[in-house]
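Student: Contents of input.csv (CSV, C-alpha atoms and all ligand atoms) are given next:
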```csv
chain,number,residue,atom,x,y,z
A,1,MET,CA,0.0,0.0,0.0
A,2,THR,CA,1.4,3.4,-0.8
A,3,ALA,CA,1.5,6.0,1.9
A,4,ALA,CA,-1.2,8.1,0.1
A,5,ALA,CA,-3.5,5.1,-0.1
A,6,ALA,CA,-3.0,4.3,3.5
A,7,ALA,CA,-3.7,7.8,4.5
A,8,GLU,CA,-6.9,7.8,2.4
A,9,ALA,CA,-8.0,4.5,3.9
A,10,LEU,CA,-7.5,5.9,7.4
A,11,ALA,CA,-9.4,9.1,6.5
A,12,ARG,CA,-12.3,7.0,5.3
A,13,PHE,CA,-12.7,5.4,8.6
A,14,PRO,CA,-15.0,7.3,10.9
A,15,THR,CA,-13.6,8.5,14.1
A,16,PRO,CA,-14.9,6.8,17.3
A,17,ALA,CA,-17.1,9.9,18.0
A,18,ALA,CA,-18.7,9.6,14.5
A,19,THR,CA,-19.6,6.0,15.2
A,20,GLN,CA,-21.8,6.7,18.2
A,21,GLY,CA,-25.1,5.8,16.6
A,22,PRO,CA,-28.4,5.3,18.4
A,23,ALA,CA,-28.0,3.4,21.7
A,24,ARG,CA,-30.3,0.6,20.7
A,25,PRO,CA,-28.8,-2.0,18.4
A,26,PRO,CA,-30.1,-2.2,14.8
A,27,SER,CA,-32.1,-5.1,13.4
A,28,VAL,CA,-30.4,-7.4,10.9
A,29,SER,CA,-31.1,-10.0,8.3
A,30,PHE,CA,-28.9,-12.7,6.9
A,31,GLU,CA,-28.7,-14.1,3.3
A,32,PHE,CA,-27.7,-17.6,2.5
A,33,PHE,CA,-27.4,-19.6,-0.7
A,34,PRO,CA,-28.8,-23.2,-1.1
A,35,PRO,CA,-26.0,-25.7,-0.6
A,36,LYS,CA,-25.1,-28.1,-3.4
A,37,THR,CA,-23.3,-30.9,-1.5
A,38,GLU,CA,-23.5,-32.5,1.9
A,39,LYS,CA,-20.4,-30.7,3.0
A,40,MET,CA,-21.8,-27.3,2.0
A,41,GLU,CA,-25.0,-28.2,3.7
A,42,ALA,CA,-23.1,-28.9,6.9
A,43,SER,CA,-21.5,-25.4,6.8
A,44,LEU,CA,-24.8,-23.7,6.0
A,45,TRP,CA,-26.3,-25.3,9.1
A,46,GLN,CA,-23.3,-24.3,11.2
A,47,ALA,CA,-23.8,-20.8,10.1
A,48,VAL,CA,-27.5,-20.8,10.7
A,49,THR,CA,-27.0,-22.2,14.2
A,50,ARG,CA,-24.5,-19.5,15.1
A,51,LEU,CA,-26.4,-16.7,13.6
A,52,LYS,CA,-29.9,-17.5,14.8
A,53,ILE,CA,-29.1,-16.5,18.4
A,54,LEU,CA,-28.6,-13.0,17.1
A,55,ALA,CA,-32.4,-12.9,16.5
A,56,PRO,CA,-32.4,-11.7,12.9
A,57,ALA,CA,-35.6,-10.1,11.7
A,58,PHE,CA,-35.5,-12.6,8.9
A,59,VAL,CA,-33.1,-14.7,6.9
A,60,SER,CA,-33.3,-15.2,3.1
A,61,VAL,CA,-32.2,-17.9,0.7
A,62,THR,CA,-31.1,-17.0,-2.9
A,63,TYR,CA,-32.4,-18.5,-6.1
A,64,GLY,CA,-29.6,-19.6,-8.3
A,65,ALA,CA,-28.8,-17.6,-11.5
A,66,GLY,CA,-31.1,-18.8,-14.3
A,67,GLY,CA,-33.5,-20.3,-11.8
A,68,THR,CA,-31.2,-23.3,-11.4
A,69,THR,CA,-31.8,-23.9,-7.7
A,70,ARG,CA,-35.6,-24.0,-7.6
A,71,GLU,CA,-35.9,-27.2,-5.6
A,72,ARG,CA,-32.8,-26.6,-3.4
A,73,THR,CA,-34.0,-23.1,-2.6
A,74,HIS,CA,-37.4,-24.4,-1.6
A,75,ALA,CA,-35.9,-27.2,0.5
A,76,THR,CA,-33.5,-24.8,2.2
A,77,VAL,CA,-36.0,-22.0,3.0
A,78,THR,CA,-38.6,-24.4,4.3
A,79,ARG,CA,-36.1,-26.3,6.4
A,80,ILE,CA,-34.6,-23.2,7.9
A,81,GLN,CA,-38.0,-21.9,8.9
A,82,ARG,CA,-39.2,-25.3,10.2
A,83,GLU,CA,-36.0,-26.3,12.1
A,84,SER,CA,-34.5,-23.0,13.3
A,85,GLY,CA,-37.8,-21.2,13.9
A,86,LEU,CA,-36.5,-18.1,12.1
A,87,ALA,CA,-38.7,-16.2,9.7
A,88,ALA,CA,-37.3,-17.3,6.3
A,89,ALA,CA,-37.7,-15.4,3.0
A,90,ALA,CA,-37.4,-17.1,-0.4
A,91,HIS,CA,-35.7,-15.2,-3.3
A,92,LEU,CA,-37.6,-15.8,-6.5
A,93,THR,CA,-36.7,-14.6,-10.0
A,94,CYS,CA,-38.5,-14.2,-13.4
A,95,VAL,CA,-35.9,-16.2,-15.3
A,96,ALA,CA,-36.7,-19.3,-17.4
A,97,ALA,CA,-40.3,-19.9,-16.2
A,98,THR,CA,-43.8,-18.9,-17.2
A,99,ARG,CA,-46.1,-16.8,-15.1
A,100,GLU,CA,-48.1,-19.9,-14.2
A,101,GLU,CA,-44.9,-21.8,-13.1
A,102,ILE,CA,-43.8,-18.8,-10.9
A,103,ASP,CA,-47.2,-18.4,-9.4
A,104,ALA,CA,-47.2,-22.1,-8.5
A,105,ILE,CA,-43.8,-21.9,-6.8
A,106,ALA,CA,-45.1,-18.8,-4.9
A,107,LYS,CA,-48.2,-20.7,-3.9
A,108,SER,CA,-46.2,-23.7,-2.7
A,109,TYR,CA,-44.2,-21.3,-0.5
A,110,TRP,CA,-47.3,-19.8,1.0
A,111,ASP,CA,-48.7,-23.3,1.7
A,112,ALA,CA,-45.4,-24.2,3.4
A,113,GLY,CA,-45.8,-21.2,5.7
A,114,ILE,CA,-43.3,-18.8,4.0
A,115,ARG,CA,-44.7,-15.3,4.1
A,116,HIS,CA,-41.8,-13.2,2.6
A,117,ILE,CA,-40.5,-13.2,-0.9
A,118,VAL,CA,-37.5,-11.3,-2.2
A,119,ALA,CA,-38.7,-10.6,-5.8
A,120,LEU,CA,-36.1,-10.3,-8.5
A,121,ARG,CA,-35.7,-10.2,-12.2
A,122,GLY,CA,-32.7,-12.5,-12.0
A,123,ASP,CA,-29.9,-13.0,-14.5
A,124,PRO,CA,-29.2,-15.5,-17.2
A,125,PRO,CA,-27.5,-18.7,-16.0
A,126,ALA,CA,-23.9,-17.8,-16.8
A,127,ALA,CA,-22.8,-18.2,-13.2
A,128,ALA,CA,-25.2,-21.0,-12.2
A,129,ASP,CA,-23.4,-21.6,-9.0
A,130,GLY,CA,-26.3,-21.0,-6.7
A,131,SER,CA,-24.7,-17.9,-5.2
A,132,GLY,CA,-27.4,-15.7,-6.7
A,133,GLY,CA,-27.2,-12.5,-8.6
A,134,LEU,CA,-23.9,-13.1,-10.4
A,135,GLY,CA,-25.1,-14.3,-13.7
A,136,GLY,CA,-24.0,-12.9,-17.1
A,137,ARG,CA,-25.6,-10.2,-19.2
A,138,GLY,CA,-28.0,-10.6,-22.1
A,139,TYR,CA,-31.2,-11.1,-20.2
A,140,GLN,CA,-34.3,-12.0,-22.3
A,141,PRO,CA,-37.7,-12.3,-20.7
A,142,HIS,CA,-39.2,-15.7,-20.9
A,143,PRO,CA,-42.1,-15.7,-23.4
A,144,GLY,CA,-45.2,-16.0,-21.2
A,145,GLY,CA,-43.1,-15.1,-18.1
A,146,TYR,CA,-42.8,-12.0,-15.9
A,147,ALA,CA,-40.5,-9.7,-17.7
A,148,TYR,CA,-39.1,-7.6,-14.8
A,149,ALA,CA,-39.2,-7.6,-11.0
A,150,ALA,CA,-42.0,-5.0,-10.9
A,151,ASP,CA,-44.2,-7.4,-12.9
A,152,LEU,CA,-43.2,-10.2,-10.5
A,153,VAL,CA,-44.2,-8.1,-7.5
A,154,GLU,CA,-47.6,-7.4,-9.1
A,155,GLY,CA,-48.0,-11.1,-9.8
A,156,LEU,CA,-47.1,-12.2,-6.3
A,157,ARG,CA,-49.7,-9.8,-4.9
A,158,ARG,CA,-52.3,-11.7,-6.8
A,159,VAL,CA,-51.1,-15.1,-5.4
A,160,ALA,CA,-51.1,-14.2,-1.7
A,161,GLU,CA,-50.5,-11.5,0.8
A,162,PHE,CA,-46.7,-11.9,0.9
A,163,GLU,CA,-44.3,-9.4,2.4
A,164,ILE,CA,-42.2,-8.5,-0.6
A,165,SER,CA,-38.7,-7.1,-0.7
A,166,VAL,CA,-36.9,-6.0,-3.9
A,167,ALA,CA,-33.4,-5.1,-5.0
A,168,ALA,CA,-31.9,-1.6,-5.2
A,169,TYR,CA,-28.6,-0.4,-6.7
A,170,PRO,CA,-26.8,2.5,-5.0
A,171,GLU,CA,-24.4,2.5,-7.9
A,172,THR,CA,-27.1,1.8,-10.5
A,173,HIS,CA,-27.9,-1.6,-12.1
A,174,PRO,CA,-25.3,-2.3,-14.8
A,175,GLU,CA,-27.9,-2.6,-17.5
A,176,ALA,CA,-29.9,0.5,-16.7
A,177,PRO,CA,-29.5,3.3,-19.2
A,178,SER,CA,-29.2,5.9,-16.4
A,179,ALA,CA,-29.4,6.3,-12.7
A,180,GLU,CA,-32.8,8.1,-13.1
A,181,VAL,CA,-34.3,5.2,-15.1
A,182,ASP,CA,-33.1,2.8,-12.5
A,183,LEU,CA,-34.6,4.8,-9.7
A,184,ASP,CA,-37.9,5.0,-11.6
A,185,ASN,CA,-37.8,1.2,-11.8
A,186,LEU,CA,-37.3,0.9,-8.0
A,187,LYS,CA,-40.3,3.2,-7.6
A,188,ARG,CA,-42.4,1.0,-9.9
A,189,LYS,CA,-41.4,-2.0,-7.7
A,190,ILE,CA,-42.5,-0.2,-4.5
A,191,ASP,CA,-45.7,1.1,-6.1
A,192,ALA,CA,-46.5,-2.5,-7.2
A,193,GLY,CA,-46.4,-3.6,-3.5
A,194,ALA,CA,-42.9,-4.1,-2.2
A,195,THR,CA,-42.4,-2.8,1.3
A,196,ARG,CA,-38.6,-3.0,1.6
A,197,ALA,CA,-35.6,-2.5,-0.7
A,198,ILE,CA,-32.3,-4.4,0.0
A,199,SER,CA,-29.3,-2.8,-1.6
A,200,GLN,CA,-26.6,-4.4,-3.7
A,201,PHE,CA,-23.4,-4.5,-1.7
A,202,PHE,CA,-21.2,-1.4,-1.8
A,203,PHE,CA,-17.9,-0.4,-0.2
A,204,ASP,CA,-18.2,3.3,-0.4
A,205,ASN,CA,-20.9,4.6,2.0
A,206,ASP,CA,-21.2,7.9,0.2
A,207,ALA,CA,-22.7,6.0,-2.8
A,208,TYR,CA,-25.4,4.6,-0.5
A,209,PHE,CA,-26.1,8.0,1.2
A,210,ARG,CA,-26.4,9.7,-2.1
A,211,PHE,CA,-28.7,7.0,-3.4
A,212,VAL,CA,-31.0,7.1,-0.3
A,213,ASP,CA,-31.2,10.9,-0.7
A,214,ARG,CA,-32.2,10.5,-4.3
A,215,ALA,CA,-34.7,7.8,-3.5
A,216,ARG,CA,-36.4,9.9,-0.8
A,217,ALA,CA,-36.5,12.9,-3.2
A,218,ALA,CA,-38.2,10.6,-5.8
A,219,GLY,CA,-40.9,9.7,-3.2
A,220,ILE,CA,-39.6,6.3,-2.2
A,221,THR,CA,-40.3,6.0,1.5
A,222,VAL,CA,-39.8,2.3,2.3
A,223,PRO,CA,-36.7,1.2,4.2
A,224,ILE,CA,-33.6,0.7,2.0
A,225,ALA,CA,-31.5,-1.8,3.9
A,226,PRO,CA,-27.8,-1.6,3.0
A,227,GLY,CA,-26.5,-5.0,1.8
A,228,ILE,CA,-23.2,-5.7,3.5
A,229,LEU,CA,-20.7,-8.1,2.1
A,230,PRO,CA,-18.0,-9.1,4.6
A,231,ILE,CA,-14.9,-10.0,2.6
A,232,THR,CA,-13.8,-13.6,2.9
A,233,ASN,CA,-11.9,-13.6,-0.4
A,234,PHE,CA,-10.9,-10.2,-1.8
A,235,ALA,CA,-10.2,-11.3,-5.4
A,236,LYS,CA,-13.6,-13.0,-5.6
A,237,ALA,CA,-15.4,-10.1,-4.0
A,238,ALA,CA,-13.8,-7.7,-6.5
A,239,GLU,CA,-14.8,-10.0,-9.4
A,240,PHE,CA,-18.4,-10.1,-8.1
A,241,ALA,CA,-18.3,-6.3,-7.7
A,242,GLY,CA,-17.3,-5.9,-11.3
A,243,LYS,CA,-20.2,-8.0,-12.5
A,244,CYS,CA,-22.8,-6.2,-10.5
A,245,GLY,CA,-21.6,-2.7,-10.9
A,246,ALA,CA,-20.3,-2.1,-7.4
A,247,ALA,CA,-17.1,0.1,-7.4
A,248,VAL,CA,-14.0,-1.1,-5.5
A,249,PRO,CA,-12.3,2.2,-4.6
A,250,PRO,CA,-8.5,2.1,-4.7
A,251,TRP,CA,-8.3,3.0,-0.9
A,252,PHE,CA,-10.5,-0.1,-0.2
A,253,ALA,CA,-8.4,-2.4,-2.4
A,254,ALA,CA,-5.3,-1.1,-0.8
A,255,LEU,CA,-6.5,-2.4,2.6
A,256,PHE,CA,-6.4,-6.0,1.3
A,257,GLU,CA,-3.2,-5.7,-0.6
A,258,GLY,CA,-0.7,-8.4,0.1
A,259,LEU,CA,-3.1,-10.5,2.2
A,260,ASP,CA,-4.0,-13.2,-0.4
A,261,ASP,CA,-1.9,-15.8,1.3
A,262,ASP,CA,-2.6,-14.6,4.9
A,263,PRO,CA,-6.2,-15.6,5.7
A,264,ALA,CA,-5.9,-14.8,9.4
A,265,THR,CA,-4.8,-11.2,8.9
A,266,ARG,CA,-7.3,-10.8,6.1
A,267,GLN,CA,-10.1,-12.0,8.4
A,268,LEU,CA,-9.1,-9.4,11.0
A,269,VAL,CA,-8.9,-6.6,8.4
A,270,ALA,CA,-12.2,-7.7,6.8
A,271,ALA,CA,-14.0,-7.6,10.2
A,272,THR,CA,-12.5,-4.2,11.0
A,273,VAL,CA,-13.4,-2.7,7.6
A,274,ALA,CA,-17.0,-4.0,7.6
A,275,ALA,CA,-17.5,-3.0,11.2
A,276,ARG,CA,-16.4,0.5,10.5
A,277,GLN,CA,-18.6,0.7,7.4
A,278,CYS,CA,-21.6,-0.4,9.5
A,279,ALA,CA,-20.7,1.9,12.3
A,280,GLU,CA,-20.8,4.9,10.0
A,281,LEU,CA,-24.1,3.7,8.4
A,282,ARG,CA,-25.5,3.2,11.9
A,283,ALA,CA,-24.4,6.7,13.0
A,284,ALA,CA,-26.2,8.1,10.0
A,285,GLY,CA,-29.4,6.4,11.2
A,286,VAL,CA,-29.5,3.1,9.4
A,287,GLU,CA,-32.0,0.8,11.3
A,288,HIS,CA,-31.6,-2.4,9.4
A,289,PHE,CA,-28.5,-4.2,7.9
A,290,HIS,CA,-28.7,-7.1,5.4
A,291,PHE,CA,-25.6,-9.4,5.4
A,292,TYR,CA,-24.5,-11.4,2.4
A,293,THR,CA,-23.1,-14.2,4.6
A,294,LEU,CA,-22.0,-16.6,1.8
A,295,ASN,CA,-23.0,-19.3,4.3
A,296,ARG,CA,-20.3,-18.3,6.8
A,297,ALA,CA,-20.9,-16.9,10.2
A,298,ASP,CA,-17.6,-15.7,11.6
A,299,LEU,CA,-17.3,-12.2,10.1
A,300,THR,CA,-21.0,-11.5,10.4
A,301,VAL,CA,-21.1,-12.5,14.0
A,302,ALA,CA,-18.1,-10.2,14.7
A,303,ILE,CA,-19.6,-7.2,12.8
A,304,CYS,CA,-23.0,-7.7,14.6
A,305,HIS,CA,-21.2,-7.8,17.9
A,306,MET,CA,-19.6,-4.5,17.2
A,307,LEU,CA,-23.0,-3.1,16.2
A,308,GLY,CA,-24.1,-3.9,19.8
A,309,ILE,CA,-26.1,-7.0,18.9
A,310,ARG,CA,-25.9,-9.7,21.5
A,311,PRO,CA,-27.2,-13.3,21.6
A,312,GLN,CA,-30.9,-13.5,22.5
A,313,ALA,CA,-32.8,-16.2,24.3
A,314,ALA,CA,-36.1,-14.7,22.9
A,315,ALA,CA,-38.6,-16.8,21.0
A,316,PRO,CA,-37.7,-17.1,17.3
A,317,ALA,CA,-39.1,-14.4,15.0
A,318,VAL,CA,-41.5,-16.7,13.2
A,319,ALA,CA,-43.1,-18.0,16.3
A,320,ALA,CA,-43.4,-14.5,17.7
A,321,ALA,CA,-44.9,-13.3,14.4
A,322,ALA,CA,-47.4,-16.2,14.3
A,323,GLY,CA,-48.5,-15.4,17.9
A,401,LIG,C1,-30.6,-8.1,-2.5
A,401,LIG,C2,-30.4,-8.8,-3.8
A,401,LIG,C3,-30.6,-10.2,-3.8
A,401,LIG,C4,-30.5,-10.9,-5.0
A,401,LIG,N1,-30.8,-12.2,-5.1
A,401,LIG,C5,-30.7,-12.9,-6.3
A,401,LIG,C6,-31.1,-14.2,-6.4
A,401,LIG,O1,-31.4,-14.9,-5.4
A,401,LIG,N2,-31.0,-14.8,-7.6
A,401,LIG,C7,-30.6,-14.2,-8.7
A,401,LIG,O2,-30.5,-14.8,-9.8
A,401,LIG,N3,-30.2,-12.9,-8.6
A,401,LIG,C8,-30.3,-12.2,-7.4
A,401,LIG,N4,-29.9,-10.9,-7.4
A,401,LIG,C9,-29.4,-10.2,-8.6
A,401,LIG,C10,-30.5,-9.7,-9.5
A,401,LIG,O3,-31.3,-10.7,-10.0
A,401,LIG,C11,-29.8,-9.0,-10.7
A,401,LIG,O4,-29.1,-7.8,-10.2
A,401,LIG,C12,-30.6,-8.7,-11.9
A,401,LIG,O5,-29.8,-8.3,-12.9
A,401,LIG,C13,-31.6,-7.6,-11.7
A,401,LIG,O6,-32.7,-8.0,-10.8
A,401,LIG,P1,-33.7,-6.9,-10.3
A,401,LIG,O7,-34.7,-7.6,-9.5
A,401,LIG,O8,-33.0,-5.7,-9.7
A,401,LIG,O9,-34.3,-6.4,-11.7
A,401,LIG,P2,-35.3,-5.3,-12.2
A,401,LIG,O10,-35.7,-4.4,-11.1
A,401,LIG,O11,-36.4,-5.9,-13.0
A,401,LIG,O12,-34.3,-4.4,-13.1
A,401,LIG,C14,-33.4,-5.0,-14.0
A,401,LIG,C15,-32.9,-4.0,-15.0
A,401,LIG,O13,-33.9,-3.9,-16.0
A,401,LIG,C16,-34.3,-2.5,-16.1
A,401,LIG,N5,-35.8,-2.5,-16.3
A,401,LIG,C17,-36.7,-2.7,-15.4
A,401,LIG,N6,-38.0,-2.7,-16.0
A,401,LIG,C18,-37.7,-2.5,-17.3
A,401,LIG,C19,-38.6,-2.4,-18.4
A,401,LIG,N7,-39.9,-2.5,-18.3
A,401,LIG,N8,-38.0,-2.2,-19.6
A,401,LIG,C20,-36.7,-2.1,-19.8
A,401,LIG,N9,-35.8,-2.2,-18.7
A,401,LIG,C21,-36.3,-2.4,-17.5
A,401,LIG,C22,-33.9,-1.9,-14.8
A,401,LIG,O14,-33.6,-0.5,-14.8
A,401,LIG,C23,-32.6,-2.7,-14.5
A,401,LIG,O15,-31.5,-2.2,-15.2
A,401,LIG,C24,-30.0,-10.2,-6.2
A,401,LIG,C25,-29.7,-8.8,-6.1
A,401,LIG,C26,-29.9,-8.1,-4.9
A,401,LIG,C27,-29.5,-6.7,-4.8
```
Let's see the structure in the file written out as structure tokens.
Ligand SMILES: Cc1cc2nc3c(=O)[nH]c(=O)nc-3n(C[C@H](O)[C@H](O)[C@H](O)COP(=O)(O)OP(=O)(O)OC[C@H]3O[C@@H](n4cnc5c(N)ncnc54)[C@H](O)[C@@H]3O)c2cc1C
Tutor:
Amino acid sequence: MTAAAAAEALARFPTPAATQGPARPPSVSFEFFPPKTEKMEASLWQAVTRLKILAPAFVSVTYGAGGTTRERTHATVTRIQRESGLAAAAHLTCVAATREEIDAIAKSYWDAGIRHIVALRGDPPAAADGSGGLGGRGYQPHPGGYAYAADLVEGLRRVAEFEISVAAYPETHPEAPSAEVDLDNLKRKIDAGATRAISQFFFDNDAYFRFVDRARAAGITVPIAPGILPITNFAKAAEFAGKCGAAVPPWFAALFEGLDDDPATRQLVAATVAARQCAELRAAGVEHFHFYTLNRADLTVAICHMLGIRPQAAAPAVAAAAG
């Protein structure tokens, strides 16, 4: 890291005084992806078990790029809700299915007790690895399908009274012709019935703050939860960021420089960086954080701890909601 980059990285970190947010801890949600193998399944359950005591408002499970994980997503969402007692949300995309097929999937979620859908357009199956949201470009609506997320939200409202969350892009969706068009699209999704936006991950809080200001000015009043990606592997995160239009500022990259073969230090740096990012967001009044856990608990637990979140013995969210 050059001295200049180090100085900028340091300047980016809020001072302790600036991190004094509201006394009460924020609420959180955790995103998982459906496991492919038994080994991956075991690590998912380890993560769910460690994270559930932090009493998230909900957890969500992605739907693989191209709709490739339909059964696995269903099995994972329903198992999490049934066995952990957490309120689980299913991601659902418009890709590669007719309206009738999507409606039937949604209905089966409702029948299984799932009340929350994260409604997305989805991407073509270029990166069909189940990680969600990292597919390639060249999206074509399925003939007879829902074309965009706003259409899906409208369709879901006809199926049942789901709580619906949608995606938002602080740095603009890569295929949108302009930031204004993208914001209009978010407004359409909210007007169609979504009650929460969850943001794409970002590393520069100023991008999120500017976006929220613009959304409020455009009449979008629903919560816009910042999506936080704790960095387990910087090279991979930078590659994901490139695909989904999230900038990796040089000062941020500099913090991870030289740590590719030093996982222990990288983990400490990642926790510090994300905790500082969240502290600054919290100080600015953010009430809810959504964590892209990648099915790992360590960093998310550490960041939540630094946000003041402590293990709860309280009844799981879904049981409380049902009562
Ligand atoms: C929180 C979160 C979770 C995600 N989870 C998943 C997941 O589980 N599985 C997965 O495959 N992907 C997931 N993604 C990625 C997402 O599917 C992609 O980013 C996808 O490219 C866009 O989805 P969207 O719902 O934002 O689409 P939309 O809101 O439909 O917008 C997509 C693009 O189309 C444009 N657009 C919208 N309507 C129109 C129209 N009528 N005419 C022309 N252009 C239009 C928009 O401006 C935008 O550029 C997730 C993303 C986020 C932020």
Student: Which chains and residue numbers are within 8 Å of ligand LIG 401 (chain A), counting all atoms listed in the file, if I want them as a PyMOL selection string?
Tutor: chain A and resi 33+61-67+91-93+95+118-125+130-135+137+139+147-151+166-169+172-178+181-186+189+197-201+227+244
Student: For CA of Leu86 in chain A and CA of Pro223 in chain A, quote the distance in Å rounded to one decimal.
Tutor: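 CA of Pro223 in chain A lies 20.9 Å from CA of Leu86 in chain A.
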Student: May I ask which of the residues A:Arg99, A:Glu71, A:Phe58, A:Tyr208 is the closest one to Gly85 in chain A, counting only C-alpha atoms?
Tutor: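 For Gly85 in chain A, the nearest of the given residues is A:Phe58.
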Student: With all atoms listed in the file as the basis for distance, which of A:Ala264, A:Ala55, A:Val269, A:Ile228 is at the shortest distance from Asp204 in chain A?
Tutor: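 Among A:Ala264, A:Ala55, A:Val269, A:Ile228, it is A:Ile228 that comes nearest to Asp204 in chain A.
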Student: Please indicate the distance in Å from CA of Asp111 in chain A to CA of Lys187 in chain A, rounded to one decimal place.
Tutor: 29.3 Å
